[in-house]
>>> print(open('work_18.tsv').read())   # TSV, C-alpha atoms
chain	number	residue	atom	x	y	z
A	1	MET	CA	38.81	6.82	30.77
A	2	SER	CA	39.28	10.36	32.07
A	3	GLN	CA	42.16	12.78	31.66
A	4	LYS	CA	42.89	16.45	32.13
A	5	LEU	CA	44.93	18.98	30.18
A	6	GLU	CA	45.99	21.41	32.88
A	7	ASN	CA	47.27	25.00	32.83
A	8	CYS	CA	46.71	25.61	29.13
A	9	TRP	CA	45.75	28.51	26.98
A	10	MET	CA	42.91	27.39	24.75
A	11	ILE	CA	40.96	28.57	21.71
A	12	LEU	CA	37.27	28.70	22.62
A	13	PRO	CA	34.02	29.37	20.73
A	14	GLY	CA	33.07	32.99	20.25
A	15	HIS	CA	36.58	34.01	19.24
A	16	THR	CA	37.90	33.97	22.77
A	17	VAL	CA	41.09	32.76	24.39
A	18	GLY	CA	40.80	31.09	27.77
A	19	TYR	CA	43.22	29.75	30.35
A	20	GLY	CA	42.64	26.76	32.59
A	21	ASP	CA	41.98	23.02	32.35
A	22	ILE	CA	40.21	20.80	29.84
A	23	GLU	CA	38.65	17.68	31.35
A	24	ILE	CA	38.01	14.72	29.06
A	25	GLU	CA	35.76	11.75	29.74
A	26	GLY	CA	36.03	8.97	27.21
A	27	GLU	CA	35.81	10.51	23.75
A	28	THR	CA	34.32	13.87	24.69
A	29	ILE	CA	35.14	17.12	26.45
A	30	ALA	CA	33.39	16.90	29.81
A	31	ASN	CA	34.33	20.22	31.40
A	32	ILE	CA	36.31	23.39	30.81
A	33	ALA	CA	37.55	24.95	34.02
A	34	LEU	CA	38.63	28.53	33.33
A	35	ARG	CA	40.78	30.66	35.57
A	36	ASN	CA	41.26	34.37	34.95
A	37	PRO	CA	39.16	34.05	31.76
A	38	THR	CA	39.39	37.76	31.04
A	39	ILE	CA	43.14	37.55	30.50
A	40	GLN	CA	43.52	37.16	26.75
A	41	GLN	CA	47.19	37.97	26.26
A	42	SER	CA	50.31	37.05	28.15
A	43	ASN	CA	54.04	36.73	27.71
A	44	ASN	CA	54.33	34.61	30.85
A	45	PRO	CA	56.92	31.91	30.11
A	46	THR	CA	55.48	29.65	32.82
A	47	ILE	CA	52.41	29.00	30.63
A	48	PRO	CA	53.95	27.03	27.78
A	49	ARG	CA	51.01	25.24	26.16
A	50	LEU	CA	48.17	26.19	23.85
A	51	VAL	CA	45.32	23.86	22.92
A	52	LEU	CA	43.50	24.29	19.61
A	53	PRO	CA	40.60	22.32	18.18
A	54	GLY	CA	42.01	19.63	15.93
A	55	LEU	CA	42.65	20.96	12.44
A	56	VAL	CA	40.44	19.71	9.60
A	57	ASN	CA	42.00	19.22	6.16
A	58	CYS	CA	39.03	19.36	3.80
A	59	HIS	CA	40.71	18.44	0.53
A	60	GLY	CA	43.56	16.02	0.13
A	61	HIS	CA	44.95	13.23	-1.97
A	62	THR	CA	46.84	11.66	0.90
A	63	ALA	CA	48.55	8.84	-0.98
A	64	MET	CA	50.32	11.42	-3.13
A	65	THR	CA	52.97	11.52	-0.43
A	66	LEU	CA	54.43	8.87	-2.75
A	67	VAL	CA	55.04	11.53	-5.43
A	68	ARG	CA	55.91	14.48	-3.20
A	69	GLY	CA	57.15	17.34	-5.39
A	70	LEU	CA	56.96	15.40	-8.65
A	71	GLY	CA	56.52	17.62	-11.73
A	72	SER	CA	57.38	20.87	-9.99
A	73	GLY	CA	57.28	23.87	-12.30
A	74	LEU	CA	54.66	22.49	-14.68
A	75	PRO	CA	51.20	24.02	-15.21
A	76	LEU	CA	48.26	21.90	-14.10
A	77	GLN	CA	47.41	20.05	-17.31
A	78	ARG	CA	51.03	19.19	-18.16
A	79	TRP	CA	51.69	18.36	-14.53
A	80	LEU	CA	48.85	15.83	-14.58
A	81	GLU	CA	49.49	14.31	-18.01
A	82	GLU	CA	53.30	14.26	-18.03
A	83	ALA	CA	54.26	13.77	-14.40
A	84	ILE	CA	51.39	12.40	-12.33
A	85	PHE	CA	49.12	10.15	-14.41
A	86	PRO	CA	51.95	7.88	-15.73
A	87	ILE	CA	53.19	7.17	-12.20
A	88	GLU	CA	49.70	6.78	-10.71
A	89	ALA	CA	48.97	4.13	-13.33
A	90	LYS	CA	51.66	1.96	-11.69
A	91	MET	CA	50.28	2.23	-8.16
A	92	THR	CA	48.80	-0.88	-6.58
A	93	PRO	CA	46.37	-0.85	-3.65
A	94	GLU	CA	49.32	-1.77	-1.40
A	95	ASP	CA	51.28	1.26	-2.61
A	96	VAL	CA	48.30	3.54	-2.02
A	97	TYR	CA	47.87	2.13	1.48
A	98	GLU	CA	51.50	2.90	2.36
A	99	GLY	CA	51.20	6.42	0.93
A	100	ASN	CA	48.07	6.97	3.00
A	101	VAL	CA	49.67	5.73	6.23
A	102	TRP	CA	52.64	8.02	5.71
A	103	GLY	CA	50.45	11.01	4.91
A	104	ILE	CA	48.22	10.38	7.93
A	105	ARG	CA	51.26	10.29	10.19
A	106	GLU	CA	52.44	13.59	8.71
A	107	MET	CA	49.04	15.18	9.34
A	108	LEU	CA	48.80	13.87	12.89
A	109	ALA	CA	52.25	15.29	13.64
A	110	GLY	CA	50.91	18.67	12.48
A	111	GLY	CA	47.75	18.69	14.60
A	112	THR	CA	45.30	17.58	11.89
A	113	THR	CA	42.62	15.29	13.30
A	114	ALA	CA	40.34	14.82	10.26
A	115	VAL	CA	40.75	14.79	6.49
A	116	ALA	CA	38.50	14.59	3.43
A	117	ASP	CA	40.34	12.43	0.93
A	118	MET	CA	39.83	11.86	-2.79
A	119	TYR	CA	41.95	9.12	-4.34
A	120	ASP	CA	41.79	5.70	-5.92
A	121	PHE	CA	41.35	2.58	-3.78
A	122	PRO	CA	39.47	4.48	-1.03
A	123	TRP	CA	39.08	1.34	1.07
A	124	GLU	CA	42.86	1.49	1.55
A	125	MET	CA	42.44	4.97	3.02
A	126	GLU	CA	39.71	3.72	5.35
A	127	LYS	CA	42.02	0.92	6.45
A	128	ALA	CA	44.89	3.35	7.06
A	129	LEU	CA	42.68	5.82	8.97
A	130	GLY	CA	41.44	3.05	11.24
A	131	GLU	CA	44.87	1.58	11.90
A	132	VAL	CA	46.74	4.83	12.53
A	133	GLY	CA	43.84	6.49	14.37
A	134	MET	CA	42.51	9.46	12.42
A	135	LYS	CA	39.08	10.64	11.29
A	136	GLY	CA	38.18	11.04	7.65
A	137	ARG	CA	35.67	11.17	4.86
A	138	VAL	CA	36.49	9.16	1.76
A	139	CYS	CA	34.90	8.70	-1.64
A	140	ARG	CA	35.24	6.62	-4.79
A	141	VAL	CA	36.68	8.98	-7.39
A	142	GLY	CA	33.91	9.92	-9.84
A	143	LEU	CA	35.08	9.60	-13.46
A	144	SER	CA	33.13	8.98	-16.65
A	145	ILE	CA	36.16	7.63	-18.52
A	146	VAL	CA	36.25	4.44	-16.40
A	147	PRO	CA	33.60	1.88	-17.45
A	148	GLY	CA	31.23	1.01	-14.62
A	149	ARG	CA	32.59	3.71	-12.32
A	150	LEU	CA	29.18	5.31	-11.67
A	151	GLU	CA	27.84	2.01	-10.35
A	152	ASP	CA	31.05	1.56	-8.30
A	153	CYS	CA	30.63	5.03	-6.79
A	154	ILE	CA	27.03	4.36	-5.84
A	155	SER	CA	27.73	0.97	-4.27
A	156	PHE	CA	30.75	2.35	-2.39
A	157	ALA	CA	28.81	5.31	-0.97
A	158	ALA	CA	25.92	3.03	-0.01
A	159	GLY	CA	28.24	0.79	2.01
A	160	ARG	CA	28.73	3.19	4.93
A	161	SER	CA	26.92	6.32	6.04
A	162	ASP	CA	30.16	8.26	6.52
A	163	ARG	CA	31.25	7.80	2.90
A	164	HIS	CA	30.75	10.61	0.43
A	165	PHE	CA	30.13	10.86	-3.30
A	166	CYS	CA	32.69	12.33	-5.65
A	167	ILE	CA	32.61	14.18	-8.94
A	168	HIS	CA	36.26	14.53	-9.80
A	169	SER	CA	35.46	17.52	-12.02
A	170	GLU	CA	33.12	18.65	-14.75
A	171	TYR	CA	35.72	17.84	-17.41
A	172	LEU	CA	36.28	14.23	-16.29
A	173	THR	CA	32.61	13.38	-15.93
A	174	ASP	CA	29.64	13.68	-18.28
A	175	GLU	CA	26.00	14.59	-17.76
A	176	ARG	CA	24.90	10.96	-17.59
A	177	PHE	CA	27.29	10.39	-14.70
A	178	CYS	CA	26.21	13.49	-12.79
A	179	ARG	CA	22.50	12.84	-13.23
A	180	GLY	CA	22.96	9.17	-12.30
A	181	LEU	CA	24.76	10.16	-9.12
A	182	ALA	CA	22.04	12.72	-8.34
A	183	LYS	CA	19.34	10.08	-8.80
A	184	ALA	CA	21.05	7.64	-6.43
A	185	ASN	CA	21.64	10.43	-3.93
A	186	LYS	CA	17.93	11.12	-3.56
A	187	GLU	CA	17.92	8.06	-1.32
A	188	LEU	CA	21.49	8.07	0.08
A	189	LYS	CA	21.71	11.83	0.78
A	190	ARG	CA	25.52	11.96	0.78
A	191	GLN	CA	27.69	15.04	0.39
A	192	VAL	CA	29.68	15.42	-2.82
A	193	HIS	CA	33.44	16.09	-2.89
A	194	MET	CA	34.58	17.76	-6.13
A	195	HIS	CA	37.14	19.89	-7.92
A	196	VAL	CA	35.61	23.08	-9.32
A	197	SER	CA	36.97	25.93	-11.47
A	198	GLU	CA	40.59	25.25	-10.56
A	199	THR	CA	41.97	26.88	-13.70
A	200	GLU	CA	40.74	29.57	-16.05
A	201	LYS	CA	40.90	27.09	-18.96
A	202	GLU	CA	38.73	24.55	-17.13
A	203	HIS	CA	36.18	27.21	-16.21
A	204	ARG	CA	36.03	28.71	-19.71
A	205	GLU	CA	35.75	25.38	-21.53
A	206	CYS	CA	32.86	24.30	-19.30
A	207	VAL	CA	30.99	27.49	-20.24
A	208	GLU	CA	31.71	26.73	-23.91
A	209	ARG	CA	30.40	23.15	-23.56
A	210	HIS	CA	27.31	23.76	-21.42
A	211	GLY	CA	26.63	27.47	-21.47
A	212	LYS	CA	27.11	27.35	-17.69
A	213	THR	CA	29.96	27.61	-15.21
A	214	PRO	CA	31.02	24.34	-13.52
A	215	ILE	CA	29.02	25.09	-10.36
A	216	ALA	CA	25.93	26.14	-12.31
A	217	TYR	CA	26.21	23.08	-14.54
A	218	LEU	CA	26.61	20.65	-11.61
A	219	ALA	CA	23.66	22.29	-9.85
A	220	SER	CA	21.53	21.87	-12.98
A	221	THR	CA	22.13	18.10	-12.95
A	222	GLY	CA	20.89	17.74	-9.37
A	223	ALA	CA	24.32	16.61	-8.17
A	224	LEU	CA	24.48	19.32	-5.52
A	225	ASP	CA	20.99	18.79	-4.09
A	226	HIS	CA	22.38	17.38	-0.84
A	227	GLY	CA	25.31	19.75	-0.52
A	228	GLY	CA	28.99	19.07	-0.57
A	229	TYR	CA	32.37	20.75	-0.72
A	230	ALA	CA	34.21	22.10	-3.73
A	231	ALA	CA	37.99	22.37	-3.83
A	232	HIS	CA	39.76	25.33	-5.43
A	233	CYS	CA	36.92	27.50	-6.86
A	234	VAL	CA	39.60	29.87	-8.16
A	235	TRP	CA	37.54	31.17	-11.07
A	236	CYS	CA	34.07	31.03	-9.52
A	237	THR	CA	31.75	33.97	-10.13
A	238	ASP	CA	29.49	35.77	-7.67
A	239	ASP	CA	26.56	33.81	-9.08
A	240	ASP	CA	28.48	30.60	-8.40
A	241	PHE	CA	28.94	31.67	-4.79
A	242	ARG	CA	25.22	32.40	-4.49
A	243	ILE	CA	24.42	28.89	-5.75
A	244	MET	CA	26.91	27.38	-3.32
A	245	ALA	CA	25.45	29.29	-0.37
A	246	GLU	CA	21.90	28.29	-1.31
A	247	MET	CA	22.74	24.61	-1.84
A	248	GLY	CA	25.08	24.16	1.13
A	249	VAL	CA	28.27	23.68	-0.85
A	250	SER	CA	31.40	24.73	1.05
A	251	LEU	CA	34.40	26.31	-0.65
A	252	ILE	CA	37.67	24.55	0.17
A	253	HIS	CA	40.52	27.01	-0.20
A	254	ASN	CA	43.89	25.52	-1.26
A	255	PRO	CA	46.24	28.50	-1.36
A	256	THR	CA	49.58	26.65	-1.60
A	257	SER	CA	48.53	24.28	-4.37
A	258	ASN	CA	46.77	26.96	-6.40
A	259	MET	CA	49.74	29.30	-6.29
A	260	LYS	CA	52.34	26.59	-6.96
A	261	LEU	CA	50.47	25.52	-10.10
A	262	GLY	CA	49.95	29.13	-11.15
A	263	SER	CA	46.16	28.82	-11.09
A	264	GLY	CA	45.47	31.90	-8.97
A	265	PHE	CA	43.45	31.73	-5.77
A	266	ALA	CA	39.82	31.76	-4.75
A	267	ARG	CA	38.05	35.01	-3.82
A	268	VAL	CA	37.22	33.74	-0.38
A	269	LYS	CA	36.37	37.15	1.09
A	270	ARG	CA	33.64	37.61	-1.52
A	271	ALA	CA	32.43	34.05	-1.04
A	272	MET	CA	32.08	34.66	2.68
A	273	GLU	CA	30.20	37.90	2.05
A	274	LEU	CA	27.72	35.92	-0.04
A	275	GLY	CA	27.19	33.31	2.67
A	276	VAL	CA	29.49	30.49	1.60
A	277	ASN	CA	31.14	28.37	4.29
A	278	VAL	CA	34.90	28.53	3.60
A	279	ALA	CA	37.36	25.92	4.87
A	280	LEU	CA	40.96	24.93	4.09
A	281	GLY	CA	42.72	22.01	2.44
A	282	THR	CA	46.26	21.13	1.52
A	283	ASP	CA	45.56	19.26	-1.72
A	284	GLY	CA	48.14	16.52	-2.46
A	285	CYS	CA	51.87	16.43	-1.83
A	286	ALA	CA	52.81	16.81	-5.50
A	287	SER	CA	51.09	20.18	-5.81
A	288	ASN	CA	51.85	21.35	-2.28
A	289	ASP	CA	54.80	19.25	-1.06
A	290	ASN	CA	53.55	19.08	2.54
A	291	LEU	CA	50.37	18.58	4.56
A	292	ASP	CA	50.93	21.50	6.94
A	293	MET	CA	47.63	23.18	7.77
A	294	PHE	CA	49.42	25.96	9.64
A	295	GLU	CA	51.07	26.92	6.36
A	296	GLU	CA	47.67	27.00	4.67
A	297	MET	CA	46.38	29.32	7.40
A	298	HIS	CA	49.38	31.60	7.02
A	299	LEU	CA	49.08	31.87	3.24
A	300	ALA	CA	45.31	32.26	3.32
A	301	SER	CA	45.74	35.18	5.68
A	302	LEU	CA	48.45	36.91	3.67
A	303	ILE	CA	47.42	36.61	0.05
A	304	HIS	CA	43.98	38.14	0.49
A	305	LYS	CA	45.36	41.09	2.42
A	306	GLY	CA	47.87	41.66	-0.36
A	307	LEU	CA	45.25	41.31	-3.09
A	308	ALA	CA	42.88	43.76	-1.39
A	309	LYS	CA	45.68	46.07	-0.22
A	310	ASP	CA	43.87	45.95	3.11
A	311	PRO	CA	45.38	44.42	6.28
A	312	THR	CA	41.93	44.02	7.85
A	313	VAL	CA	40.80	41.45	5.26
A	314	LEU	CA	40.44	37.98	6.83
A	315	SER	CA	41.18	38.34	10.51
A	316	ALA	CA	43.24	35.73	12.30
A	317	TRP	CA	40.00	34.44	13.83
A	318	ASP	CA	38.45	34.06	10.35
A	319	VAL	CA	41.35	31.89	9.27
A	320	ILE	CA	41.37	29.81	12.46
A	321	ASP	CA	37.66	29.13	11.89
A	322	MET	CA	38.43	27.96	8.35
A	323	ALA	CA	40.92	25.42	9.68
A	324	THR	CA	38.69	24.14	12.50
A	325	LYS	CA	34.94	24.59	12.89
A	326	ASN	CA	34.27	25.58	9.26
A	327	GLY	CA	36.18	22.52	8.12
A	328	ALA	CA	34.20	20.25	10.42
A	329	LYS	CA	30.98	21.77	9.09
A	330	ALA	CA	32.12	21.38	5.47
A	331	ILE	CA	32.65	17.63	5.69
A	332	GLY	CA	29.70	16.86	7.94
A	333	MET	CA	31.44	16.37	11.30
A	334	SER	CA	29.19	18.43	13.56
A	335	ASP	CA	30.58	16.86	16.75
A	336	THR	CA	34.09	18.27	16.37
A	337	GLY	CA	35.92	21.46	15.37
A	338	GLU	CA	35.52	23.37	18.65
A	339	ILE	CA	36.71	23.14	22.24
A	340	ALA	CA	33.34	22.96	23.94
A	341	VAL	CA	31.63	20.68	26.43
A	342	GLY	CA	29.98	17.77	24.64
A	343	LYS	CA	32.19	18.01	21.57
A	344	LYS	CA	34.61	15.24	20.69
A	345	ALA	CA	38.02	15.62	22.31
A	346	ASP	CA	39.86	16.22	19.03
A	347	LEU	CA	42.67	18.53	20.06
A	348	CYS	CA	46.02	19.90	18.97
A	349	VAL	CA	48.53	20.86	21.66
A	350	ILE	CA	51.25	23.45	20.92
A	351	ASP	CA	54.45	24.11	22.82
A	352	LEU	CA	54.66	27.91	23.20
A	353	ASP	CA	58.14	27.81	24.70
A	354	LYS	CA	59.88	28.50	21.40
A	355	PRO	CA	61.91	31.52	20.25
A	356	HIS	CA	59.58	32.16	17.30
A	357	LEU	CA	56.52	32.03	19.60
A	358	THR	CA	57.89	34.39	22.23
A	359	PRO	CA	56.64	36.85	23.39
A	360	CYS	CA	53.06	35.64	23.16
A	361	LEU	CA	51.24	38.96	22.87
A	362	ASP	CA	48.39	37.99	20.55
A	363	ILE	CA	47.52	34.30	20.45
A	364	PRO	CA	45.28	34.27	17.33
A	365	ASN	CA	47.91	36.21	15.38
A	366	LEU	CA	50.60	33.85	16.65
A	367	ILE	CA	48.66	30.80	15.43
A	368	VAL	CA	48.19	32.16	11.92
A	369	ASN	CA	51.47	33.98	11.37
A	370	SER	CA	54.12	32.30	13.52
A	371	MET	CA	53.24	28.66	14.14
A	372	HIS	CA	54.35	25.64	12.15
A	373	ALA	CA	53.24	22.03	12.13
A	374	SER	CA	56.49	21.18	13.93
A	375	ASP	CA	55.31	23.15	16.99
A	376	VAL	CA	52.68	20.49	17.71
A	377	VAL	CA	53.67	18.32	20.67
A	378	GLU	CA	50.51	16.21	21.02
A	379	THR	CA	47.49	15.35	18.91
A	380	ILE	CA	44.40	13.89	20.59
A	381	ILE	CA	41.48	12.25	18.77
A	382	ASP	CA	38.39	11.03	20.58
A	383	GLY	CA	40.23	11.53	23.86
A	384	ARG	CA	43.14	9.33	22.85
A	385	THR	CA	46.68	10.56	22.21
A	386	VAL	CA	47.56	9.51	18.67
A	387	TYR	CA	50.75	11.55	18.32
A	388	GLU	CA	53.41	12.74	20.75
A	389	LYS	CA	56.45	14.75	19.71
A	390	GLY	CA	59.51	12.53	19.55
A	391	SER	CA	57.59	9.33	18.85
A	392	GLU	CA	58.98	7.28	15.99
A	393	SER	CA	57.18	6.52	12.72
A	394	PRO	CA	57.30	2.73	12.31
A	395	ASP	CA	56.35	2.75	8.62
A	396	ARG	CA	59.32	4.50	6.99
A	397	GLU	CA	60.95	1.50	5.27
A	398	ARG	CA	57.63	0.19	3.93
A	399	PHE	CA	56.81	3.64	2.57
A	400	LEU	CA	60.16	4.02	0.81
A	401	ALA	CA	59.79	0.56	-0.67
A	402	ALA	CA	56.45	1.64	-2.17
A	403	VAL	CA	58.10	4.77	-3.64
A	404	LYS	CA	60.68	2.53	-5.31
A	405	ARG	CA	58.04	0.10	-6.63
A	406	ILE	CA	56.28	2.83	-8.59
A	407	GLY	CA	59.52	3.76	-10.35
A	408	LEU	CA	60.81	6.63	-8.23
A	409	GLU	CA	64.01	6.85	-6.22
A	410	SER	CA	64.35	8.66	-2.93
A	411	MET	CA	67.69	9.98	-1.69
A	412	ASP	CA	66.84	8.86	1.85
>>> encode(input="work_18.tsv", output="structure tokens")
Amino acid sequence: MSQKLENCWMILPGHTVGYGDIEIEGETIANIALRNPTIQQSNNPTIPRLVLPGLVNCHGHTAMTLVRGLGSGLPLQRWLEEAIFPIEAKMTPEDVYEGNVWGIREMLAGGTTAVADMYDFPWEMEKALGEVGMKGRVCRVGLSIVPGRLEDCISFAAGRSDRHFCIHSEYLTDERFCRGLAKANKELKRQVHMHVSETEKEHRECVERHGKTPIAYLASTGALDHGGYAAHCVWCTDDDFRIMAEMGVSLIHNPTSNMKLGSGFARVKRAMELGVNVALGTDGCASNDNLDMFEEMHLASLIHKGLAKDPTVLSAWDVIDMATKNGAKAIGMSDTGEIAVGKKADLCVIDLDKPHLTPCLDIPNLIVNSMHASDVVETIIDGRTVYEKGSESPDRERFLAAVKRIGLESMD
């Protein structure tokens, strides 16, 4: 099947903006026909569309749409123990499936085409991804406190080549688990999805236990030998960043979640200086409240400028890379993340004919500082339209029924 996106502005490799047509054959971009390619800015209202590479959400707990906003105002440990864990204990695989479907639909409506997810019952996420039509990387959550979980993680990862390993965190695993995973991974060679140094307390207590930071400790067990991606990294040191760069571990920046929980935020500028690939993630809907990757771009841009007292820190292009090609690289999807011939046709189409997007004088700045998920009018994955603005979500009643089953009440 062939199709063409005509008369569009588009974000192209090399930090350039082009104007013209994108031709798609089957699942891939077959041709990019540029006209007036030197024109990089315009306020011409007759050119209303912008095409971005599909956004890549590199750290999420998608089924937590079921507990959106639960426990607001609590610090991380109390938030987990008092608000989240008791409700999660009631969730069945069916509930998790409905939460995943709803979260996937929210992401598609915001231009996200791929997600790395960490949650229980990962086969329910795979089912939801396949049925709704989104790309993803899933893992069995790595925990030492669950008997037999190491063996479950290994057998799950071995089942499909696109599955990843998971170490939930240093504090919820032990050395036996990490070394066992590392041993199995010598053959499987899977990436590892993990939480790292999210809070100062977590980071400090790991040093007290092992004499090493979480990243240094995990590296010492062999768990990072085949790379991976680490969410948060708020309290990582320069030496941690050097280890991550050497071992191919990407930093997944979660600005909304980290600030809402009062954890701080990762020193991504320094990480980039030391060679770390930096991407973006939303985290879950209880610590973020939405799955809007445009919001993550906006916050990532602003907070580091404010911290450094320097408006040149993290250019708009840097942040766009984090949300697209860096994200694809982080989770091992080398065939997406850019609008280029031969890449998968994973695309996000924006309507520029909006008051808050007019005039369009600087497209990269507009993407990072003005756009919202609601500006997306079409999301395309593998050449197929999976979301169009105005289309109905058929799963609302099932989702709300799942919210009620786990003991919560929505005012919908």
>>> closest_residue(input="work_18.tsv", among="A:Gly133, A:Pro13, A:Pro364, A:Gly69", to="Leu108 in chain A", atoms="all atoms listed in the file")
A:Gly133
>>> closest_residue(input="work_18.tsv", among="A:Ser155, A:Ser220, A:Thr62, A:Thr312", to="Leu188 in chain A", atoms="all atoms listed in the file")
A:Ser155
>>> residues_around(input="work_18.tsv", residues="Gly332 in chain A", least_positions_apart="6", cutoff="9 Å", atoms="only C-alpha atoms", output="list in words")
Arg137, Asp162, Gln191 and Gly228 of chain A
>>> write_last_selection(input="work_18.tsv", atoms="C-alpha atoms", output="short mmCIF file (atom, residue, chain, number, x, y, z; two decimals), in the frame of the given file")
data_model
loop_
_atom_site.label_atom_id
_atom_site.label_comp_id
_atom_site.auth_asym_id
_atom_site.auth_seq_id
_atom_site.Cartn_x
_atom_site.Cartn_y
_atom_site.Cartn_z
CA ARG A 137 35.67 11.17 4.86
CA ASP A 162 30.16 8.26 6.52
CA GLN A 191 27.69 15.04 0.39
CA GLY A 228 28.99 19.07 -0.57
#
>>> atom_distance(input="work_18.tsv", atom1="CA of Ala245 in chain A", atom2="CA of Leu218 in chain A")
14.2 Å
>>> closest_residue(input="work_18.tsv", among="A:Leu34, A:Ile331, A:Ile367, A:Val349", to="Tyr387 in chain A", atoms="all atoms listed in the file")
A:Val349
>>> residues_around(input="work_18.tsv", residues="range 253-264 of chain A", least_positions_apart="5", cutoff="7 Å", atoms="all atoms listed in the file", output="PyMOL selection string")
chain A and resi 74-76+198-199+231-232+234+278-283+287-288+296+299-300
>>> closest_residue(input="work_18.tsv", among="A:Thr173, A:Asn31, A:Ser161, A:Thr113", to="Thr379 in chain A", atoms="only C-alpha atoms")
A:Thr113
>>> atom_distance(input="work_18.tsv", atom1="CA of Lys309 in chain A", atom2="CA of Met293 in chain A")
24.3 Å
>>> atom_distance(input="work_18.tsv", atom1="CA of Glu246 in chain A", atom2="CA of Arg190 in chain A")
16.9 Å
>>> residues_around(input="work_18.tsv", residues="Ala114 in chain A", least_positions_apart="5", cutoff="10 Å", atoms="only C-alpha atoms", output="ChimeraX atom specification")
/A:54-58,104,107-108,129,133-137,324,327-328,331,333,336-337,346,381
>>> residues_near_point(input="work_18.tsv", point="(52.7, 24.9, 24.5)", cutoff="7 Å", atoms="all atoms listed in the file", output="ChimeraX atom specification")
/A:48-50,349-353
>>> residues_near_point(input="work_18.tsv", point="(40.9, 4.8, -5.3)", cutoff="12 Å", atoms="all atoms listed in the file", output="PyMOL selection string")
chain A and resi 61-64+88-89+91-97+100+117-126+138-143+149+152-153+156+166+168
>>> residues_around(input="work_18.tsv", residues="range 306-308 of chain A", least_positions_apart="5", cutoff="12 Å", atoms="all atoms listed in the file", output="ChimeraX atom specification")
/A:264-270,299-301,313-314
>>> write_last_selection(input="work_18.tsv", atoms="C-alpha atoms", output="CSV table (one decimal), keeping the file's coordinate frame")
chain,number,residue,atom,x,y,z
A,264,GLY,CA,45.5,31.9,-9.0
A,265,PHE,CA,43.4,31.7,-5.8
A,266,ALA,CA,39.8,31.8,-4.8
A,267,ARG,CA,38.0,35.0,-3.8
A,268,VAL,CA,37.2,33.7,-0.4
A,269,LYS,CA,36.4,37.2,1.1
A,270,ARG,CA,33.6,37.6,-1.5
A,299,LEU,CA,49.1,31.9,3.2
A,300,ALA,CA,45.3,32.3,3.3
A,301,SER,CA,45.7,35.2,5.7
A,313,VAL,CA,40.8,41.4,5.3
A,314,LEU,CA,40.4,38.0,6.8
>>> closest_residue(input="work_18.tsv", among="A:Lys404, A:Met297, A:His304, A:Glu170", to="Lys212 in chain A", atoms="all atoms listed in the file")
A:Glu170
